[in-house]
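The next block holds one structure in the form of structure tokens; read it before the comments.
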Amino acid sequence: MLGHDSIALEFTCTTQPQRFGSGDGKGKLLNDTVEFILPGNVPTSEVEKFFTGQFAAARGPEYSATLRFHDTFDWRLYRAGWVLEEATRGRRGVVGCYNRRTGDHVSIPVTGRLRHLHELGGLQEERDLRGVVGLRALIAQAQLPVRVSEIKLLNDDQKTVVHCRVGQYQAPDAAEANSEFTAIRLLGLRGYTAELRIAAARIASATNTTQRECAVLHRTMEVLGQTLDEHAVKPHIRLPPSATALQWMSAICTRLVDVMVSNEAGIVQDIDTEFLHDFRVAVRRTRSALGQIRGVYKTESITRFSSEFAWLGQVTGPLRDLDVFLLHFDELRASVPVELHDGLQGFNDYLRGQRIRERRRILKHLRGERYHSLVEDWRCFLAEPGTRHRGGAAGQTVVPVAREHTLRIWRRVLKQGRCINDSSPPQALHDLRISCKKLRYMLEFFTPLQTAGNAGHLTRRLRRLQENLGDFQDCSVQIETLYNIAHQTAWDQPDTVLALGALIQQATDRGTAARQDFHRRFQSFDTRSTARLFERLFAQTQIKVA
Amino acid sequence: MKVIALYSIKGGVGKTASAVNLAYMCAQGGNHTLLWDLDPQGAASFNLRIKAKLAGGPKALFGRDIMRYVKQSDYDNLDLLPADFSNRKLDLLFDARTRRKQQVRRLLESVADRYDYVFIDSPPGLTLVVENILRAADLVLSPLIPSTLSLRTLDQLTEFVRHPKLRGLRLWVFFSMVDVRRQLHREVMKQLATQRQGLMRHFIPYSSDIERMGVIRAPVEVFARRSQGGLAYRGLWSEVARRLTDHG
Ligand SMILES: Nc1ncnc2c1ncn2[C@@H]1O[C@H](COP(=O)(O)OP(=O)(O)O)[C@@H](O)[C@H]1O
Ligand SMILES: [Mg+2]
């Protein structure tokens, strides 16, 4: 019998997504996806033999395909517990979406290459993945050709109890001598966990290997000589609390310059808008570190770097503003009357045109001498800050220095915030916003030195205040930008100016609302318990150091 | 989630054959489908090659997370909650509980966001389990063999479903095991069609392929793709699905 076939990876007939795993995610002894890696090419007939006496094996289809692992450039999906892979042959493909936390796996047939998440057809997974990916784009992080064969393991009733996929891989240019490997993936069916465990044990004992989570992904990366950096975005600085302020400072700044450089390619290729954003955040953090953590370097030694990073922030600003407008354009459109939607199109065209121009400008800077010598000189400086550049605080242990500057900015935030009343000029809120940002960076720079729970609490409280100030600021900037754009440009349609006027009105209203909410937000930040958290922020490490 | 019960007061009329085939077709259409084999004989489970056994028996099933008992079938999107021979004592178990007629319904509520359709293969008779099934169902699909007694059976069922507590429950009847060569079958069908409304247009003929399901242990379409029986169930399912969307 068995004329039928419902294996999802069969390119010829499956049209439905297929779920493996219990889907409940709790109380499981074993993940429902199990992977083994064997060196060399192990023939499928050999794999079948592992199960002799336990399960009958029914051979499914065999085919060659290209396996790609998709993720954001900084592996957000992986870090959030997902592996998104795609096997394609010609125009047909199957996307496998695997959740490391629950062990569930869903295979989704697609036509053509996976480019957008909506090709996953509205499954729950699509929504989950969207939440993780956010504004980032998916890129093919790794790819390898593979020869796949499918085996179904059957019990006494000839019922399929485990799906087994055997993949034979080889790196394309065979750069590495032993780049050939065979991956066995077992996919458990709901209600057949025991059988999955038995099948896994059979492979383990027959081959003397152990299963490994996401083994195929890791081995693929290895063979390609690439690394999967799990901590791409916020690696903590690994220095003992006994380190000097100088060591700490140079670790922070080195990491930040690494972030800038690692985002260059994404900006150049315009993969998504977040590369520029992250680049700019790293620039801002660098400026903040230089400006706030005083006394580590001599002021005159870093004057040039400070002003060069200010320049870098400034030249990348206009593009970011355009990106923000375009990212929120649908919301903007929804916020003005339908009659003005056509008028807004003119604005959209304008933004896109400007964006092309600004991108050209930035690319020129990124390839230019000024930027490159800044990065190079800065790196040299960080690696070997000569004694003549060291300030008075350079040799101190980092903890008291960190405490001093963090608390100083915290006090400034309080002082500025408490002065603000209903008649304060907008500038007062902008200044407070900047101080809050600096405080936030301080909390982040020194996280490993802080009392574990406190830092998180403080960051959350501060974030709520920052959101309010940020909203107010965004509105002010928007009003000004919109006003300038409306005036400077000759518009084809008068409606465009009307639409811009409506947007200015919207922004004004939102700004007023934010302003009205400020006091409540600030008061819930400026509390005794916040003060206690700050006072004890560096308490533990201090004891350890002493 | 829509709950569809395959039910008839009588046994041997094609409830199980219909439950398995319709659930299979429903799942083929991309719906997350659960087939719950509530007949202690376990014929539906057997047809999907799944053992009719619940670890810990029905007592455990009605006390715990039902996903622990669900088995993934060999077909996309189709799961089975197997039968257990001890399910024949289910009436006693329910009778001892409060809300004794809502046990099935309550258990299904816990999987409401997981499945689009639940098919229940019901035992025959007028038992407490059956009352539970009718309380849980949105739709009762009832196979009817066109014979002299079928009119009486249909009347009994209609009467039974009219209970005030079952308001909103729909009863749709279709002819099953029809032998079109038999004069009697043709006459009864014609007669009922004029007398009763709500009969399904599609009927299931007597088919040796459907009969073979119990030997091959798979939905008929899987092993006899273009057979008369398979096509009949396809037609019946599309009619059911269409009427369900029309009725909201
Ligand atoms: N349309 C049909 N044609 C031929 N045999 C059928 C048909 N429907 C069911 N049968 C057979 O009749 C017997 C009883 O059917 P079943 O579906 O088990 O009925 P029920 O569940 O109502 O007791 C089974 O052996 C089944 O294979
Ligand atoms: Mg039956």
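To be explicit about the labels: the chains of the structure tokens are called A, B, and onward in the order shown, and within each one the residues are counted from 1, while ligands get numbers from 1 in the order they are shown.
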Chain B near ligand 1 within 7 Å: what's each residue's closest atom pair and its distance in Å to one decimal, counting only C-alpha atoms and all ligand atoms, ordered by chain then ascending residue number, as a Markdown table?
```
| residue | atom | partner | partner_atom_place_in_ligand_line | distance |
| --- | --- | --- | --- | --- |
| B:Ser8 | CA | ligand 1 | 22 (O) | 7.0 |
| B:Lys10 | CA | ligand 1 | 22 (O) | 6.8 |
| B:Gly11 | CA | ligand 1 | 23 (O) | 4.1 |
| B:Gly12 | CA | ligand 1 | 23 (O) | 3.3 |
| B:Val13 | CA | ligand 1 | 22 (O) | 3.9 |
| B:Gly14 | CA | ligand 1 | 17 (O) | 3.2 |
| B:Lys15 | CA | ligand 1 | 22 (O) | 3.7 |
| B:Thr16 | CA | ligand 1 | 21 (O) | 3.7 |
| B:Ala17 | CA | ligand 1 | 17 (O) | 3.8 |
| B:Ser18 | CA | ligand 1 | 17 (O) | 6.3 |
| B:Ala43 | CA | ligand 1 | 18 (O) | 6.6 |
| B:Ser176 | CA | ligand 1 | 1 (N) | 5.7 |
| B:Met177 | CA | ligand 1 | 1 (N) | 4.0 |
| B:Val178 | CA | ligand 1 | 1 (N) | 6.9 |
| B:Ile204 | CA | ligand 1 | 1 (N) | 5.4 |
| B:Pro205 | CA | ligand 1 | 1 (N) | 5.1 |
| B:Tyr206 | CA | ligand 1 | 3 (N) | 3.5 |
| B:Ser207 | CA | ligand 1 | 3 (N) | 3.9 |
| B:Ser208 | CA | ligand 1 | 4 (C) | 5.3 |
| B:Ile210 | CA | ligand 1 | 3 (N) | 5.1 |
| B:Glu211 | CA | ligand 1 | 27 (O) | 3.7 |
| B:Arg212 | CA | ligand 1 | 27 (O) | 6.4 |
| B:Met213 | CA | ligand 1 | 27 (O) | 6.1 |
| B:Gly214 | CA | ligand 1 | 27 (O) | 5.7 |
| B:Gly229 | CA | ligand 1 | 1 (N) | 6.7 |
```
With N, CA, C and O atoms kept, could you save the residues just selected as an mmCIF file, in the first residue's frame?
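To be explicit, this is the file written out as part12.cif:
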```
data_model
loop_
_atom_site.group_PDB
_atom_site.id
_atom_site.type_symbol
_atom_site.label_atom_id
_atom_site.label_comp_id
_atom_site.auth_asym_id
_atom_site.auth_seq_id
_atom_site.Cartn_x
_atom_site.Cartn_y
_atom_site.Cartn_z
ATOM 1 N N SER B 8 -26.140 8.707 14.364
ATOM 2 C CA SER B 8 -27.429 8.127 14.028
ATOM 3 C C SER B 8 -27.821 7.253 15.213
ATOM 4 O O SER B 8 -26.956 6.738 15.919
ATOM 5 N N LYS B 10 -29.049 4.485 14.894
ATOM 6 C CA LYS B 10 -28.730 3.115 14.490
ATOM 7 C C LYS B 10 -27.241 2.915 14.218
ATOM 8 O O LYS B 10 -26.518 3.856 13.893
ATOM 9 N N GLY B 11 -26.821 1.684 14.370
ATOM 10 C CA GLY B 11 -25.444 1.322 14.050
ATOM 11 C C GLY B 11 -25.352 0.814 12.619
ATOM 12 O O GLY B 11 -26.380 0.516 11.994
ATOM 13 N N GLY B 12 -24.152 0.731 12.103
ATOM 14 C CA GLY B 12 -23.915 0.146 10.794
ATOM 15 C C GLY B 12 -24.476 0.938 9.635
ATOM 16 O O GLY B 12 -24.780 0.385 8.584
ATOM 17 N N VAL B 13 -24.633 2.242 9.798
ATOM 18 C CA VAL B 13 -25.206 3.045 8.716
ATOM 19 C C VAL B 13 -24.161 3.861 7.965
ATOM 20 O O VAL B 13 -24.482 4.557 7.005
ATOM 21 N N GLY B 14 -22.909 3.833 8.432
ATOM 22 C CA GLY B 14 -21.846 4.569 7.733
ATOM 23 C C GLY B 14 -21.355 5.787 8.500
ATOM 24 O O GLY B 14 -20.713 6.671 7.917
ATOM 25 N N LYS B 15 -21.589 5.859 9.788
ATOM 26 C CA LYS B 15 -21.113 6.998 10.587
ATOM 27 C C LYS B 15 -19.587 7.068 10.558
ATOM 28 O O LYS B 15 -18.998 8.109 10.261
ATOM 29 N N THR B 16 -18.986 5.926 10.865
ATOM 30 C CA THR B 16 -17.527 5.917 10.954
ATOM 31 C C THR B 16 -16.892 6.176 9.597
ATOM 32 O O THR B 16 -15.984 7.010 9.467
ATOM 33 N N ALA B 17 -17.386 5.493 8.584
ATOM 34 C CA ALA B 17 -16.838 5.706 7.238
ATOM 35 C C ALA B 17 -16.938 7.185 6.874
ATOM 36 O O ALA B 17 -16.000 7.776 6.329
ATOM 37 N N SER B 18 -18.056 7.790 7.222
ATOM 38 C CA SER B 18 -18.249 9.197 6.867
ATOM 39 C C SER B 18 -17.360 10.104 7.703
ATOM 40 O O SER B 18 -16.779 11.067 7.180
ATOM 41 N N ALA B 43 -13.476 2.028 15.631
ATOM 42 C CA ALA B 43 -13.309 1.759 14.204
ATOM 43 C C ALA B 43 -12.606 2.921 13.489
ATOM 44 O O ALA B 43 -11.790 2.702 12.588
ATOM 45 N N SER B 176 -26.922 7.183 2.875
ATOM 46 C CA SER B 176 -25.665 6.446 2.929
ATOM 47 C C SER B 176 -25.929 5.026 2.432
ATOM 48 O O SER B 176 -27.054 4.522 2.529
ATOM 49 N N MET B 177 -24.881 4.414 1.924
ATOM 50 C CA MET B 177 -24.953 3.029 1.439
ATOM 51 C C MET B 177 -26.109 2.832 0.454
ATOM 52 O O MET B 177 -26.824 1.834 0.488
ATOM 53 N N VAL B 178 -26.249 3.794 -0.415
ATOM 54 C CA VAL B 178 -27.355 3.747 -1.368
ATOM 55 C C VAL B 178 -27.033 2.768 -2.500
ATOM 56 O O VAL B 178 -25.957 2.830 -3.089
ATOM 57 N N ILE B 204 -24.171 9.028 -0.481
ATOM 58 C CA ILE B 204 -23.038 8.108 -0.576
ATOM 59 C C ILE B 204 -23.547 6.754 -1.071
ATOM 60 O O ILE B 204 -24.382 6.125 -0.417
ATOM 61 N N PRO B 205 -23.076 6.339 -2.221
ATOM 62 C CA PRO B 205 -23.552 5.052 -2.746
ATOM 63 C C PRO B 205 -22.908 3.885 -2.012
ATOM 64 O O PRO B 205 -21.890 4.055 -1.328
ATOM 65 N N TYR B 206 -23.522 2.741 -2.148
ATOM 66 C CA TYR B 206 -22.862 1.549 -1.651
ATOM 67 C C TYR B 206 -21.646 1.325 -2.536
ATOM 68 O O TYR B 206 -21.746 1.298 -3.755
ATOM 69 N N SER B 207 -20.468 1.206 -1.919
ATOM 70 C CA SER B 207 -19.270 1.108 -2.745
ATOM 71 C C SER B 207 -18.286 0.136 -2.130
ATOM 72 O O SER B 207 -18.022 0.167 -0.926
ATOM 73 N N SER B 208 -17.765 -0.721 -2.976
ATOM 74 C CA SER B 208 -16.836 -1.722 -2.447
ATOM 75 C C SER B 208 -15.538 -1.064 -1.987
ATOM 76 O O SER B 208 -14.849 -1.581 -1.106
ATOM 77 N N ILE B 210 -15.346 1.801 -0.342
ATOM 78 C CA ILE B 210 -15.576 2.249 1.024
ATOM 79 C C ILE B 210 -15.501 1.062 1.975
ATOM 80 O O ILE B 210 -14.926 1.134 3.062
ATOM 81 N N GLU B 211 -16.029 -0.038 1.530
ATOM 82 C CA GLU B 211 -15.995 -1.248 2.347
ATOM 83 C C GLU B 211 -14.549 -1.671 2.621
ATOM 84 O O GLU B 211 -14.221 -2.124 3.711
ATOM 85 N N ARG B 212 -13.690 -1.481 1.632
ATOM 86 C CA ARG B 212 -12.279 -1.892 1.767
ATOM 87 C C ARG B 212 -11.471 -1.014 2.722
ATOM 88 O O ARG B 212 -10.349 -1.362 3.092
ATOM 89 N N MET B 213 -12.038 0.127 3.083
ATOM 90 C CA MET B 213 -11.320 1.021 4.008
ATOM 91 C C MET B 213 -10.859 0.293 5.263
ATOM 92 O O MET B 213 -9.774 0.526 5.775
ATOM 93 N N GLY B 214 -11.724 -0.606 5.734
ATOM 94 C CA GLY B 214 -11.407 -1.329 6.967
ATOM 95 C C GLY B 214 -10.259 -2.303 6.793
ATOM 96 O O GLY B 214 -9.630 -2.714 7.770
ATOM 97 N N GLY B 229 -16.837 6.053 -4.530
ATOM 98 C CA GLY B 229 -17.009 6.373 -3.109
ATOM 99 C C GLY B 229 -16.262 7.645 -2.736
ATOM 100 O O GLY B 229 -16.792 8.515 -2.041
#
```
Can you tell me which residues surround Gly168 of chain B at a distance of at most 12 Å, considering only C-alpha atoms, apart from same-chain residues fewer than 3 positions away, and format the answer as a PDB file with C-alpha atoms, in the first residue's frame?
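Once written, result10.pdb looks like this:
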```pdb
ATOM      1  CA  LEU B 134     -25.148  16.727  20.781  1.00  0.00           C
ATOM      2  CA  ARG B 135     -24.610  19.443  23.374  1.00  0.00           C
ATOM      3  CA  ALA B 136     -21.076  19.958  22.099  1.00  0.00           C
ATOM      4  CA  ALA B 137     -21.918  19.912  18.399  1.00  0.00           C
ATOM      5  CA  ASP B 138     -22.752  22.759  16.058  1.00  0.00           C
ATOM      6  CA  LEU B 139     -23.902  20.342  13.418  1.00  0.00           C
ATOM      7  CA  VAL B 140     -25.163  16.768  13.421  1.00  0.00           C
ATOM      8  CA  VAL B 161     -32.847  17.158  18.487  1.00  0.00           C
ATOM      9  CA  ARG B 162     -35.779  19.461  19.113  1.00  0.00           C
ATOM     10  CA  HIS B 163     -34.954  19.561  22.839  1.00  0.00           C
ATOM     11  CA  PRO B 164     -34.802  23.185  24.092  1.00  0.00           C
ATOM     12  CA  LYS B 165     -31.278  22.719  25.362  1.00  0.00           C
ATOM     13  CA  LEU B 171     -29.360  18.465  11.854  1.00  0.00           C
ATOM     14  CA  HIS B 247     -25.289  29.606   7.461  1.00  0.00           C
ATOM     15  CA  GLY B 248     -22.387  31.375   9.141  1.00  0.00           C
TER      16      GLY B 248
END
```
Could you write out as a ChimeraX atom specification the residues of chain B within 10 Å of chain A, counting only C-alpha atoms? /B:27-32,46,48-51,65,67-81,114,216-218,221-225
Name the closest residue to ligand 2 among the candidates B:Gln183, B:Ser122, B:Thr33, B:Gln102; distances are taken between atoms, counting only C-alpha atoms and all ligand atoms.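 Among the listed residues, the smallest separation from ligand 2 belongs to B:Ser122.
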What does the structure give for the distance between atom CA of Asn99 of chain A and atom CA of Leu117 of chain A, in Å to one decimal?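 Computing the Euclidean distance for atom CA of Asn99 of chain A and atom CA of Leu117 of chain A yields 15.7 Å.
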Among the residues of segment 3-199 of chain B, find those DSSP assigns to strand (DSSP E or B) from the backbone and print them as a PyMOL selection string. chain B and resi 3-6+33-37+71-72+78-81+117-121+139-144+170-175+178+199
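For Gly417 of chain A, the residues within 8 Å (counting only C-alpha atoms, excluding itself and residues fewer than 6 positions away along the chain) are Leu429, Leu432 and Phe522 of chain A.
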Between B:Gly63, B:Gly235, B:Pro143, B:Gly42, which one has atoms that come closest to ligand 2, using only C-alpha atoms and all ligand atoms?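 Checking each candidate against ligand 2, we get B:Gly42 as the closest.
Note that the spacing between atom CA of Gly453 of chain A and atom CA of Arg285 of chain A amounts to 23.2 Å.
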Long-range neighbours of Arg185 of chain A as JSON, numbers by chain, 9 Å cut-off, only C-alpha atoms, 3 positions minimum in chain: {"A": [33, 34, 35, 36, 37, 163, 164, 165, 166, 167, 216]}
DSSP says helix (DSSP H, G or I) for which residues of segment 236-440 of chain A? Put them as a ChimeraX atom specification? /A:245-269,274-292,299-327,329-335,338-367,369-383,387-389,398-419,426-440
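Once Leu35 of chain B and its same-chain neighbours fewer than 6 positions away are set aside, Leu80, Val118, Phe119 and Ile120 of chain B remain within 6 Å of it when counting only C-alpha atoms.
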Show me, as a ChimeraX atom specification, the residues that have an atom within 9 Å of Arg515 of chain A when counting only C-alpha atoms, minus same-chain residues fewer than 2 positions from it. /A:422,429,468-469,471-472,510-513,517-519
Please provide the set of residues having any atom within 9 Å of Val401 of chain A, restricted to only C-alpha atoms, with same-chain residues fewer than 5 positions apart removed, written as a list in words.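 Those residues are Ala245, Ile293, Arg294, Ala393, Gln396 and Thr406 of chain A.
Put simply, atom CA of Phe446 of chain A is 13.8 Å away from atom CA of Arg536 of chain A.
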Let me make sure I understand: among B:Leu128, B:Ala19, B:Leu61, B:Leu108, which one has the smallest atom-to-atom distance to Ala96 of chain B if we use only C-alpha atoms?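 With only C-alpha atoms as the atom set, the closest residue is B:Leu128.
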